[in-house]
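Enquirer: Structure in C-alpha cells, see below.
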Amino acid sequence: MKLIKSIVWPFVRDYWIGRTFIHRLGQSTFSRASEIGLPGEIELRALCSSDDSSIASQPDSELAKRYRPAQPGVRCFGAWIGENLIALCTFTFGQEYLESGGFYDLGADQAELADIFTTSKGRGKGVATALIKYSTVAMEELGYRTLYAKVWHSNTSSTRTFNKAGWTQKCFFIRLYPQKLKSYLHFEWRLQ
C-alpha cells in the first residue's frame, strides 16, 4: 500500500479506498424501529432540535462535532444512557447530500448512512449495531427503500458492525480525485 501511495499521491488530491454496504427495504428482521432495543438502560431514538443544547454539553466533545442539527436532508439517531448520548448515527439525502459532495447517485427514496460514532462508554456493548438496526428501520418507516454506507478499507470494526446489523457488502472500491480535475476516477469490484 505504501508503494502504491508513493507512486499515485503526487497526481491525486484525495482518495477513498473502502467498501460499500447496502440495505434494501424488506431486508430487516424487524418490522418497526420500536422493536429494536438494548438490555438495560440504553434508549435508542431519533434526535430532534430539542436535543441540540443537550448534545452541545455532552462530556465527549466528538459528539458535538459530528452532530448535524435538524435540517432538511439530514436525520440523526442516538443511543442514550440517561442524559448522556453514547452513540450517534447520521443519514444524509436529497439536496443536502448533493451539496456535501455526495458519494452515491441517490434517488428520492435513498439515503447514505454518512456517520456512526460511539463514545468509549458505548463501545463493546453492541450499541453501534443496535443503533444501525434501529435507524435503518426508522428510515424505512420514513419511506426510504435503499440505504448506503461506505467504510474505509482497513476499518474492520465498522465492517463487522455493518455485517452484524444485517447490511450487505456490495463492492470494494477505489476512488481517486486527480490533481487539476474536477471529476474523479472510480474503480469497483462487486462483492454480491
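Naming works like this for the C-alpha cells: A, B, ... for the chains as they're shown, residue 1 at the start of each chain, ligands 1 onward in shown order.
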I'd like to know which residues of chain A are helix (DSSP H, G or I) (by DSSP, run on the backbone); could you write them as a PyMOL selection string?
Expert: chain A and resi 2-11+33-35+49-56+61-66+94-99+127-141+156-164
Enquirer: Considering only C-alpha atoms, return as a short mmCIF file (atom, residue, chain, number, x, y, z; two decimals) with C-alpha atoms, in the first residue's frame whatever protein or nucleic-acid residues lie within 12 Å of region 13-16 of chain A, sequence-local ones (same chain, fewer than 4 positions apart) excluded.
Expert:
data_model
loop_
_atom_site.label_atom_id
_atom_site.label_comp_id
_atom_site.auth_asym_id
_atom_site.auth_seq_id
_atom_site.Cartn_x
_atom_site.Cartn_y
_atom_site.Cartn_z
CA LYS A 5 0.54 5.62 -2.32
CA VAL A 8 -0.05 7.76 -7.03
CA TRP A 9 -0.13 10.52 -4.39
CA THR A 20 -19.91 -0.02 0.01
CA PHE A 103 -20.62 9.84 -2.96
CA LYS A 150 -19.12 3.43 2.88
CA VAL A 151 -16.50 2.01 5.21
CA TRP A 152 -12.77 2.71 5.00
CA HIS A 153 -10.93 -0.41 3.76
CA SER A 154 -8.99 -1.03 6.98
CA PHE A 172 -14.89 -2.89 -2.78
CA PHE A 173 -13.86 0.39 -4.41
CA ILE A 174 -11.07 2.86 -5.02
CA ARG A 175 -11.98 6.44 -5.85
CA LEU A 176 -9.24 8.85 -6.88
CA TYR A 177 -9.59 12.62 -7.21
CA PRO A 178 -6.77 13.60 -9.61
CA GLN A 179 -4.99 16.93 -9.27
CA LYS A 180 -6.33 19.61 -11.63
CA LEU A 181 -9.51 17.65 -12.47
CA LYS A 182 -12.96 18.34 -11.07
CA SER A 183 -14.14 14.78 -11.66
CA TYR A 184 -12.86 11.53 -10.19
CA LEU A 185 -11.80 8.04 -11.25
CA HIS A 186 -13.81 5.23 -9.71
CA PHE A 187 -12.94 1.53 -9.75
CA GLU A 188 -15.05 -1.12 -8.05
#
Enquirer: What separation in Å, quoted to one decimal, exists between CA of Ser135 (chain A) and CA of Gly101 (chain A)?
Expert: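 Taking CA of Ser135 (chain A) and CA of Gly101 (chain A), their separation equals 22.5 Å.
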Enquirer: Tell me which of A:Gln58, A:Thr92, A:Ser158, A:Thr118 sits closest to Ala70 (chain A), counting only C-alpha atoms.
Expert: A:Thr92
Enquirer: Would you pick out the contacts of Cys76 (chain A) at 6 Å or less, using only C-alpha atoms, so that residues sharing its chain but fewer than 5 positions from it are not included, and give the list as a PyMOL selection string?
Expert: chain A and resi 47+89-90
Enquirer: For each of A:Ser54, A:Ser6, A:Thr159, A:Thr136, take the minimum atom-to-atom distance to Ala111 (chain A), counting only C-alpha atoms, then give the residue where this is smallest.
Expert: A:Thr136
Enquirer: Would you pick out the contacts of Phe91 (chain A) at 8 Å or less, using only C-alpha atoms, so that residues sharing its chain but fewer than 6 positions from it are not included, and give the list as a compact mmCIF listing (two decimals) with N, CA and C atoms, in the first residue's frame?
Expert:
# COMPACT_ATOMS: atom_id res chain seq x y z
N VAL A 74 -31.15 15.67 6.42
CA VAL A 74 -30.35 15.03 7.47
C VAL A 74 -31.28 14.42 8.52
N ARG A 75 -31.00 13.19 8.90
CA ARG A 75 -31.70 12.54 10.01
C ARG A 75 -30.65 11.96 10.94
N CYS A 76 -30.76 12.29 12.23
CA CYS A 76 -29.82 11.78 13.24
C CYS A 76 -30.56 10.90 14.24
N ALA A 111 -30.84 7.01 0.78
CA ALA A 111 -30.04 7.85 1.69
C ALA A 111 -28.73 7.13 1.98
N GLU A 112 -27.77 7.91 2.49
CA GLU A 112 -26.49 7.33 2.91
C GLU A 112 -26.34 7.47 4.41
N LEU A 113 -25.97 6.38 5.06
CA LEU A 113 -25.57 6.45 6.46
C LEU A 113 -24.17 7.05 6.42
N ALA A 114 -24.10 8.34 6.69
CA ALA A 114 -22.86 9.10 6.48
C ALA A 114 -21.91 9.05 7.67
N ASP A 115 -22.44 8.78 8.86
CA ASP A 115 -21.56 8.79 10.04
C ASP A 115 -22.17 7.95 11.15
Enquirer: Nearest to Ile86 (chain A): which of A:Ala108, A:Ala56, A:Ile7, A:Ala128 is it, counting only C-alpha atoms?
Expert: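 Answer, going by the shortest atom-to-atom distance: A:Ala128.
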Enquirer: Could you state the separation of CA of Cys48 (chain A) and CA of Pro69 (chain A) in Å, given to one decimal place?
Expert: 7.4 Å
Enquirer: Set the distance at 10 Å and use only C-alpha atoms: which residues neighbour Gly102 (chain A) once local chain neighbours fewer than 2 positions away are removed? I'd like the list as a list in words.
Expert: Thr92, Phe93, Gly94, Gln95, Glu96, Tyr97, Leu98, Glu99, Ser100, Tyr104, Asp105, Leu106, Ala111, Glu112 and Ala114 of chain A
Enquirer: Quote the spacing between CA of Phe117 (chain A) and CA of His23 (chain A) in Å to one decimal place.
Expert: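 These atoms are spaced 19.0 Å apart.
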Enquirer: Within 8 Å of Leu131 (chain A), counting only C-alpha atoms, which residues show up once you throw out same-chain ones fewer than 3 positions away? Write them as number ranges by chain, please.
Expert: A: 44, 77-79, 87-89, 127-128, 134-135
Enquirer: From the list A:Lys133, A:Arg19, A:Arg66, A:Arg145, which residue is nearest Gln169 (chain A) when using only C-alpha atoms?
Expert: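 Once distances to Gln169 (chain A) are computed over only C-alpha atoms, the minimum belongs to A:Arg19.
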Enquirer: List every residue of region 15-140 of chain A that DSSP, applied to the backbone of this structure, places in strand (DSSP E), and write the result as a PyMOL selection string.
Expert: chain A and resi 15-24+42-46+74-81+84-92+110-118
Enquirer: Which is closer to Ala165 (chain A) than all the others in A:Gly126, A:Ile55, A:Ala46, A:Leu142, using only C-alpha atoms?
Expert: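 Smallest distance to Ala165 (chain A) is found for A:Gly126.
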Enquirer: For Leu147 (chain A), which of A:Ile36, A:Ile132, A:Ile42, A:Cys171 is the closest residue, counting only C-alpha atoms?
Expert: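 Checking each of A:Ile36, A:Ile132, A:Ile42, A:Cys171 against Leu147 (chain A), counting only C-alpha atoms, the winner is A:Ile132.
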Enquirer: Residues at most 12 Å from Gly143 (chain A), counting only C-alpha atoms, excluding those fewer than 6 positions away in the same chain, as a PDB file with C-alpha atoms, in the first residue's frame?
Expert:
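Wrote part.pdb, looks like this:
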ATOM      1  CA  ARG A  24     -32.770  -2.607   0.906  1.00  0.00           C
ATOM      2  CA  LEU A  25     -36.339  -2.339   2.174  1.00  0.00           C
ATOM      3  CA  GLY A  26     -37.508  -5.702   3.499  1.00  0.00           C
ATOM      4  CA  GLY A 107     -32.741   8.538  -5.855  1.00  0.00           C
ATOM      5  CA  ALA A 108     -35.588  10.234  -3.966  1.00  0.00           C
ATOM      6  CA  ASP A 109     -36.125   7.172  -1.740  1.00  0.00           C
ATOM      7  CA  GLN A 110     -32.442   6.556  -0.983  1.00  0.00           C
ATOM      8  CA  ALA A 111     -30.045   7.845   1.686  1.00  0.00           C
ATOM      9  CA  THR A 136     -32.280   1.561   9.349  1.00  0.00           C
ATOM     10  CA  VAL A 137     -35.830   0.527  10.228  1.00  0.00           C
TER      11      VAL A 137
END
